[in-house]
Structures are given as C-alpha cells and as structure tokens.
file input.cif (mmCIF, C-alpha atoms)
data_coords
loop_
_atom_site.group_PDB
_atom_site.id
_atom_site.type_symbol
_atom_site.label_atom_id
_atom_site.label_comp_id
_atom_site.auth_asym_id
_atom_site.auth_seq_id
_atom_site.Cartn_x
_atom_site.Cartn_y
_atom_site.Cartn_z
ATOM 1 C CA MET A 1 81.184 47.322 17.209
ATOM 2 C CA THR A 2 82.385 50.809 18.093
ATOM 3 C CA PHE A 3 79.080 51.663 19.792
ATOM 4 C CA VAL A 4 79.370 48.485 21.840
ATOM 5 C CA SER A 5 83.003 49.189 22.692
ATOM 6 C CA LYS A 6 82.289 52.788 23.699
ATOM 7 C CA THR A 7 79.329 51.701 25.808
ATOM 8 C CA ALA A 8 81.326 48.895 27.443
ATOM 9 C CA GLY A 9 84.215 51.268 28.172
ATOM 10 C CA ALA A 10 81.965 53.941 29.652
ATOM 11 C CA LEU A 11 80.047 51.434 31.783
ATOM 12 C CA SER A 12 83.283 49.889 33.006
ATOM 13 C CA ILE A 13 84.666 53.271 34.054
ATOM 14 C CA ILE A 14 81.416 54.239 35.782
ATOM 15 C CA SER A 15 81.137 50.942 37.659
ATOM 16 C CA SER A 16 84.808 51.064 38.656
ATOM 17 C CA ILE A 17 84.532 54.594 40.045
ATOM 18 C CA HIS A 18 81.308 53.673 41.844
ATOM 19 C CA ASP A 19 82.999 50.665 43.437
ATOM 20 C CA MET A 20 86.015 52.774 44.379
ATOM 21 C CA HIS A 21 83.666 55.266 46.062
ATOM 22 C CA LYS A 22 81.839 52.538 48.003
ATOM 23 C CA THR A 23 85.148 50.990 49.077
ATOM 24 C CA ALA A 24 86.410 54.412 50.157
ATOM 25 C CA LEU A 25 83.293 54.842 52.309
ATOM 26 C CA ILE A 26 84.068 51.540 54.042
ATOM 27 C CA TYR A 27 87.627 52.699 54.737
ATOM 28 C CA SER A 28 86.301 56.063 55.928
ATOM 29 C CA ASN A 29 83.823 54.497 58.360
ATOM 30 C CA LYS A 30 86.482 52.130 59.648
ATOM 31 C CA GLU A 31 88.970 54.940 60.275
ATOM 32 C CA TYR A 32 86.264 57.118 61.854
ATOM 33 C CA SER A 33 85.154 54.317 64.179
ATOM 34 C CA LYS A 34 88.718 53.672 65.251
ATOM 35 C CA VAL A 35 89.430 57.318 66.084
ATOM 36 C CA GLN A 36 85.984 57.815 67.624
ATOM 37 C CA SER A 37 86.437 54.866 69.977
ATOM 38 C CA GLU A 38 89.900 56.057 71.001
ATOM 39 C CA THR A 39 88.543 59.564 71.618
ATOM 40 C CA LYS A 40 85.534 58.240 73.544
ATOM 41 C CA ILE A 41 87.713 56.118 75.831
ATOM 42 C CA ALA A 42 90.092 59.014 76.448
ATOM 43 C CA ASP A 43 87.145 61.325 77.202
ATOM 44 C CA LEU A 44 85.513 58.823 79.561
ATOM 45 C CA VAL A 45 88.740 58.453 81.484
ATOM 46 C CA GLY A 46 89.042 62.242 81.607
ATOM 47 C CA TYR A 47 85.439 62.614 82.800
ATOM 48 C CA GLN A 48 86.214 60.357 85.758
ATOM 49 C CA LYS A 49 88.957 62.654 86.990
ATOM 50 C CA ALA A 50 88.217 65.740 89.072
ATOM 51 C CA ASN A 51 90.130 68.102 91.317
ATOM 52 C CA ARG A 52 87.391 67.954 93.912
ATOM 53 C CA LEU A 53 84.042 66.279 94.404
ATOM 54 C CA SER A 54 81.188 68.520 93.225
ATOM 55 C CA TYR A 55 77.612 67.695 92.194
ATOM 56 C CA LYS A 56 77.545 70.525 89.642
ATOM 57 C CA ASP A 57 80.805 69.387 88.025
ATOM 58 C CA ALA A 58 79.619 65.773 87.958
ATOM 59 C CA GLN A 59 76.356 66.789 86.198
ATOM 60 C CA ARG A 60 78.255 68.876 83.660
ATOM 61 C CA LYS A 61 80.676 66.032 82.934
ATOM 62 C CA ASN A 62 77.822 63.544 82.586
ATOM 63 C CA TRP A 63 76.053 65.818 80.098
ATOM 64 C CA LEU A 64 79.228 66.329 78.069
ATOM 65 C CA SER A 65 79.976 62.598 78.022
ATOM 66 C CA LYS A 66 76.463 61.711 76.777
ATOM 67 C CA SER A 67 76.073 64.392 74.125
ATOM 68 C CA ASP A 68 79.167 64.491 71.948
ATOM 69 C CA VAL A 69 79.132 68.288 71.941
ATOM 70 C CA LEU A 70 82.837 68.649 71.545
ATOM 71 C CA LEU A 71 83.272 66.727 68.295
ATOM 72 C CA SER A 72 86.938 66.299 67.735
ATOM 73 C CA THR A 73 88.618 67.481 64.568
ATOM 74 C CA LYS A 74 90.550 64.223 64.717
ATOM 75 C CA GLU A 75 87.353 62.365 63.827
ATOM 76 C CA VAL A 76 86.597 64.604 60.854
ATOM 77 C CA TYR A 77 90.193 64.270 59.668
ATOM 78 C CA ALA A 78 89.980 60.486 60.111
ATOM 79 C CA ARG A 79 86.922 60.312 57.823
ATOM 80 C CA ILE A 80 88.700 62.272 55.091
ATOM 81 C CA LYS A 81 91.933 60.331 55.514
ATOM 82 C CA GLY A 82 90.099 56.994 55.415
ATOM 83 C CA TYR A 83 88.166 57.984 52.293
ATOM 84 C CA VAL A 84 91.275 59.048 50.387
ATOM 85 C CA LYS A 85 93.168 55.952 51.530
ATOM 86 C CA GLY A 86 90.322 53.651 50.477
ATOM 87 C CA PHE A 87 89.771 55.386 47.146
ATOM 88 C CA PHE A 88 93.392 55.038 46.083
ATOM 89 C CA ALA A 89 93.811 51.559 47.586
ATOM 90 C CA SER A 90 90.894 50.261 45.548
ATOM 91 C CA GLY A 91 91.828 52.304 42.482
ATOM 92 C CA TYR A 92 95.132 50.509 42.203
ATOM 93 C CA SER A 93 93.369 47.270 41.252
ATOM 94 C CA TYR A 94 91.305 49.010 38.564
ATOM 95 C CA ILE A 95 94.248 50.281 36.502
ATOM 96 C CA PRO A 96 93.972 47.499 33.869
ATOM 97 C CA LYS A 97 90.236 48.133 33.531
ATOM 98 C CA PHE A 98 90.773 51.873 33.092
ATOM 99 C CA ILE A 99 93.420 51.333 30.428
ATOM 100 C CA LEU A 100 91.244 48.886 28.490
ATOM 101 C CA ALA A 101 88.144 51.053 28.890
ATOM 102 C CA PHE A 102 89.881 54.144 27.538
ATOM 103 C CA ALA A 103 91.333 52.080 24.696
ATOM 104 C CA ALA A 104 87.852 50.750 23.902
ATOM 105 C CA MET A 105 86.504 54.281 23.683
ATOM 106 C CA VAL A 106 89.037 55.447 21.054
ATOM 107 C CA PRO A 107 86.938 57.583 18.679
ATOM 108 C CA SER A 108 88.807 57.324 15.365
ATOM 109 C CA LYS A 109 87.776 54.945 12.596
ATOM 110 C CA GLU A 110 91.358 53.824 11.961
ATOM 111 C CA HIS A 111 91.562 52.306 15.429
ATOM 112 C CA LYS A 112 88.301 50.364 15.214
ATOM 113 C CA ILE A 113 90.085 46.996 15.520
ATOM 114 C CA PHE A 114 92.105 48.297 18.465
ATOM 115 C CA ALA A 115 88.879 49.361 20.198
ATOM 116 C CA ASN A 116 87.278 45.978 19.514
ATOM 117 C CA VAL A 117 90.283 44.086 20.894
ATOM 118 C CA ALA A 118 90.264 46.321 23.970
ATOM 119 C CA THR A 119 86.547 45.573 24.439
ATOM 120 C CA VAL A 120 87.191 41.830 24.303
ATOM 121 C CA GLY A 121 90.073 42.306 26.744
ATOM 122 C CA LEU A 122 87.797 44.280 29.030
ATOM 123 C CA GLY A 123 85.270 41.465 28.922
ATOM 124 C CA ILE A 124 87.978 38.933 29.781
ATOM 125 C CA VAL A 125 89.211 41.045 32.706
ATOM 126 C CA GLU A 126 85.633 41.390 34.008
ATOM 127 C CA LEU A 127 85.058 37.627 33.642
ATOM 128 C CA ILE A 128 88.269 36.807 35.515
ATOM 129 C CA ASP A 129 87.307 39.297 38.242
ATOM 130 C CA PHE A 130 83.857 37.720 38.517
ATOM 131 C CA ILE A 131 85.219 34.177 38.712
ATOM 132 C CA LYS A 132 87.969 35.117 41.146
ATOM 133 C CA ASN A 133 85.960 37.275 43.558
ATOM 134 C CA SER A 134 82.341 36.161 43.261
ATOM 135 C CA THR A 135 82.514 32.392 43.031
ATOM 136 C CA ASN A 136 84.348 29.643 44.868
ATOM 137 C CA LEU A 137 85.960 28.311 41.709
ATOM 138 C CA PHE A 138 89.715 27.863 41.963
ATOM 139 C CA GLN A 139 89.606 28.678 45.683
ATOM 140 C CA ARG A 140 90.989 26.598 48.498
ATOM 141 C CA LYS A 141 88.155 24.799 50.299
ATOM 142 C CA ASP A 142 89.958 22.500 52.730
ATOM 143 C CA TYR A 143 90.005 24.864 55.691
ATOM 144 C CA LEU A 144 88.354 22.387 58.066
ATOM 145 C CA LYS A 145 90.478 19.374 57.140
ATOM 146 C CA ASP A 146 93.504 18.311 59.152
#
call {"tool": "encode", "arguments": {"input": "input.cif", "output": "structure tokens"}}
result
Amino acid sequence: MTFVSKTAGALSIISSIHDMHKTALIYSNKEYSKVQSETKIADLVGYQKANRLSYKDAQRKNWLSKSDVLLSTKEVYARIKGYVKGFFASGYSYIPKFILAFAAMVPSKEHKIFANVATVGLGIVELIDFIKNSTNLFQRKDYLKD
C-alpha cells in the first residue's frame, strides 16, 4: 500500500495548495476591490474640486476620471497583501492534512505501517471535511422557524 499512500499524500498536498491558491485569489480580489472603491471615491471627490472654472481643466479631469491612468500603488499593494493573507488564512486549516500527507509519503520500508495508518487518517480527514463543508448533514436547518 506504499504506492497508494504516496499517491494519496501527493494528491492531498497538491489539492490543498491549489485550494489555498484559489482562496488567496478570492482574498486578493476582495482587498483590491475595497481599496479600488475607496480610491475611486476619493478621486471622484477630488475631480469635482477646482480652483477656478475652466473648460480645459474640466475635460482633463473627465478624461483622468474615466481612464484609470494613475493606477495607485495602494491597489497593487492591496492585491499582494490580500493574496498573502488569504494564503496563510486558508493554510492554517490544512495543517493536519499536510502532516498526514507527509507521513503517508515516508519512503522507508520500516515505516510502511506508519504510512498506511497516515493514509487511512488522511482519508478520514478528507471524509470529515467533505461531510462538514459539502453536505447539509449535521448542520442546523431551523433558520426560518420561530
């Protein structure tokens, strides 16, 4: 069962890192949208202000407000910050899976039983995760009742 345990461990690590990446992208987009909307509102308020009334200045401000030419470094920083925050926030929940996956991939023949037990444990953790997060089993369903 060592081939099965190594395969299960490798697939678990790959799927966990893939999910962490996708979750980090969600955090990144959320942080970017938040900073972008704050920047856009601040810019629109700034574009409404002028020292004097001028057609040329109004046209220039309209063009700048429509074409995000001056992309803020705050928005780029927000994307990076959101990605790192999301990656580590989701990675915290995968620690048991990583431990079991690495234990399942132990290469020596003396630890074959240890690798097999880790594989079974990995399967149990995956099953609990599936039941807990993908189904309505063991979930509260009386939200609409008084």
call {"tool": "closest_residue", "arguments": {"input": "input.cif", "among": "A:Ile41, A:Ile113, A:Leu122, A:Ala89", "to": "Ser12 in chain A", "atoms": "only C-alpha atoms"}}
result
A:Leu122
call {"tool": "resolve_selection", "arguments": {"input": "input.cif", "expression": "the PyMOL selection byres ((chain A and resi 116) around 12)", "output": "PyMOL selection string"}}
result
chain A and resi 1-9+100-107+109-115+117-123
call {"tool": "residues_around", "arguments": {"input": "input.cif", "residues": "Gly82 in chain A", "least_positions_apart": "2", "cutoff": "9 Å", "atoms": "only C-alpha atoms", "output": "list of chain:residue names"}}
result
A:Ala24, A:Leu25, A:Ile26, A:Tyr27, A:Ser28, A:Asn29, A:Lys30, A:Glu31, A:Tyr32, A:Tyr77, A:Ala78, A:Arg79, A:Ile80, A:Val84, A:Lys85, A:Gly86, A:Phe87
call {"tool": "atom_distance", "arguments": {"input": "input.cif", "atom1": "CA of Leu137 in chain A", "atom2": "CA of Ala10 in chain A"}}
result
28.6 Å
call {"tool": "atom_distance", "arguments": {"input": "input.cif", "atom1": "CA of Tyr143 in chain A", "atom2": "CA of Asp19 in chain A"}}
result
29.4 Å
call {"tool": "build_atoms", "arguments": {"input": "input.cif", "residues": "range 1-12 of chain A", "atoms": "all heavy atoms", "output": "PDB file, keeping the file's coordinate frame"}}
result
ATOM      1  N   MET A   1      81.089  47.629  15.794  1.00  0.00           N
ATOM      2  CA  MET A   1      81.184  47.322  17.209  1.00  0.00           C
ATOM      3  C   MET A   1      81.707  48.525  17.998  1.00  0.00           C
ATOM      4  O   MET A   1      81.933  48.423  19.184  1.00  0.00           O
ATOM      5  CB  MET A   1      82.085  46.111  17.419  1.00  0.00           C
ATOM      6  CG  MET A   1      81.973  45.516  18.787  1.00  0.00           C
ATOM      7  SD  MET A   1      82.617  43.863  18.802  1.00  0.00           S
ATOM      8  CE  MET A   1      83.353  43.822  20.389  1.00  0.00           C
ATOM      9  N   THR A   2      81.872  49.658  17.359  1.00  0.00           N
ATOM     10  CA  THR A   2      82.385  50.809  18.093  1.00  0.00           C
ATOM     11  C   THR A   2      81.376  51.321  19.119  1.00  0.00           C
ATOM     12  O   THR A   2      81.766  51.780  20.185  1.00  0.00           O
ATOM     13  CB  THR A   2      82.768  51.948  17.146  1.00  0.00           C
ATOM     14  OG1 THR A   2      81.669  52.230  16.295  1.00  0.00           O
ATOM     15  CG2 THR A   2      83.982  51.597  16.344  1.00  0.00           C
ATOM     16  N   PHE A   3      80.078  51.252  18.810  1.00  0.00           N
ATOM     17  CA  PHE A   3      79.080  51.663  19.792  1.00  0.00           C
ATOM     18  C   PHE A   3      79.135  50.745  21.001  1.00  0.00           C
ATOM     19  O   PHE A   3      79.083  51.204  22.148  1.00  0.00           O
ATOM     20  CB  PHE A   3      77.674  51.655  19.173  1.00  0.00           C
ATOM     21  CG  PHE A   3      76.601  51.969  20.161  1.00  0.00           C
ATOM     22  CD1 PHE A   3      76.430  53.260  20.624  1.00  0.00           C
ATOM     23  CD2 PHE A   3      75.783  50.973  20.671  1.00  0.00           C
ATOM     24  CE1 PHE A   3      75.450  53.563  21.559  1.00  0.00           C
ATOM     25  CE2 PHE A   3      74.797  51.259  21.603  1.00  0.00           C
ATOM     26  CZ  PHE A   3      74.633  52.555  22.048  1.00  0.00           C
ATOM     27  N   VAL A   4      79.278  49.455  20.744  1.00  0.00           N
ATOM     28  CA  VAL A   4      79.370  48.485  21.840  1.00  0.00           C
ATOM     29  C   VAL A   4      80.641  48.725  22.648  1.00  0.00           C
ATOM     30  O   VAL A   4      80.612  48.696  23.884  1.00  0.00           O
ATOM     31  CB  VAL A   4      79.320  47.041  21.286  1.00  0.00           C
ATOM     32  CG1 VAL A   4      79.590  46.032  22.392  1.00  0.00           C
ATOM     33  CG2 VAL A   4      77.988  46.767  20.631  1.00  0.00           C
ATOM     34  N   SER A   5      81.747  48.983  21.965  1.00  0.00           N
ATOM     35  CA  SER A   5      83.003  49.189  22.692  1.00  0.00           C
ATOM     36  C   SER A   5      82.974  50.481  23.503  1.00  0.00           C
ATOM     37  O   SER A   5      83.451  50.518  24.631  1.00  0.00           O
ATOM     38  CB  SER A   5      84.191  49.188  21.730  1.00  0.00           C
ATOM     39  OG  SER A   5      84.102  50.263  20.815  1.00  0.00           O
ATOM     40  N   LYS A   6      82.392  51.538  22.944  1.00  0.00           N
ATOM     41  CA  LYS A   6      82.289  52.788  23.699  1.00  0.00           C
ATOM     42  C   LYS A   6      81.372  52.633  24.905  1.00  0.00           C
ATOM     43  O   LYS A   6      81.659  53.127  25.992  1.00  0.00           O
ATOM     44  CB  LYS A   6      81.785  53.908  22.797  1.00  0.00           C
ATOM     45  CG  LYS A   6      82.802  54.359  21.782  1.00  0.00           C
ATOM     46  CD  LYS A   6      82.258  55.445  20.898  1.00  0.00           C
ATOM     47  CE  LYS A   6      83.287  55.819  19.851  1.00  0.00           C
ATOM     48  NZ  LYS A   6      82.824  56.855  18.949  1.00  0.00           N
ATOM     49  N   THR A   7      80.262  51.929  24.703  1.00  0.00           N
ATOM     50  CA  THR A   7      79.329  51.701  25.808  1.00  0.00           C
ATOM     51  C   THR A   7      79.981  50.842  26.887  1.00  0.00           C
ATOM     52  O   THR A   7      79.862  51.138  28.082  1.00  0.00           O
ATOM     53  CB  THR A   7      78.041  51.032  25.295  1.00  0.00           C
ATOM     54  OG1 THR A   7      77.491  51.835  24.253  1.00  0.00           O
ATOM     55  CG2 THR A   7      77.034  50.863  26.401  1.00  0.00           C
ATOM     56  N   ALA A   8      80.663  49.774  26.471  1.00  0.00           N
ATOM     57  CA  ALA A   8      81.326  48.895  27.443  1.00  0.00           C
ATOM     58  C   ALA A   8      82.411  49.659  28.205  1.00  0.00           C
ATOM     59  O   ALA A   8      82.546  49.503  29.424  1.00  0.00           O
ATOM     60  CB  ALA A   8      81.929  47.689  26.734  1.00  0.00           C
ATOM     61  N   GLY A   9      83.178  50.484  27.506  1.00  0.00           N
ATOM     62  CA  GLY A   9      84.215  51.268  28.172  1.00  0.00           C
ATOM     63  C   GLY A   9      83.647  52.259  29.170  1.00  0.00           C
ATOM     64  O   GLY A   9      84.130  52.378  30.291  1.00  0.00           O
ATOM     65  N   ALA A  10      82.588  52.957  28.751  1.00  0.00           N
ATOM     66  CA  ALA A  10      81.965  53.941  29.652  1.00  0.00           C
ATOM     67  C   ALA A  10      81.351  53.263  30.868  1.00  0.00           C
ATOM     68  O   ALA A  10      81.513  53.731  32.004  1.00  0.00           O
ATOM     69  CB  ALA A  10      80.908  54.739  28.902  1.00  0.00           C
ATOM     70  N   LEU A  11      80.658  52.146  30.660  1.00  0.00           N
ATOM     71  CA  LEU A  11      80.047  51.434  31.783  1.00  0.00           C
ATOM     72  C   LEU A  11      81.099  50.862  32.729  1.00  0.00           C
ATOM     73  O   LEU A  11      80.911  50.853  33.943  1.00  0.00           O
ATOM     74  CB  LEU A  11      79.127  50.328  31.276  1.00  0.00           C
ATOM     75  CG  LEU A  11      77.838  50.789  30.623  1.00  0.00           C
ATOM     76  CD1 LEU A  11      77.073  49.600  30.054  1.00  0.00           C
ATOM     77  CD2 LEU A  11      76.970  51.556  31.608  1.00  0.00           C
ATOM     78  N   SER A  12      82.212  50.413  32.166  1.00  0.00           N
ATOM     79  CA  SER A  12      83.283  49.889  33.006  1.00  0.00           C
ATOM     80  C   SER A  12      83.893  50.985  33.870  1.00  0.00           C
ATOM     81  O   SER A  12      84.149  50.782  35.058  1.00  0.00           O
ATOM     82  CB  SER A  12      84.355  49.252  32.133  1.00  0.00           C
ATOM     83  OG  SER A  12      85.416  48.797  32.927  1.00  0.00           O
TER      84      SER A  12
END
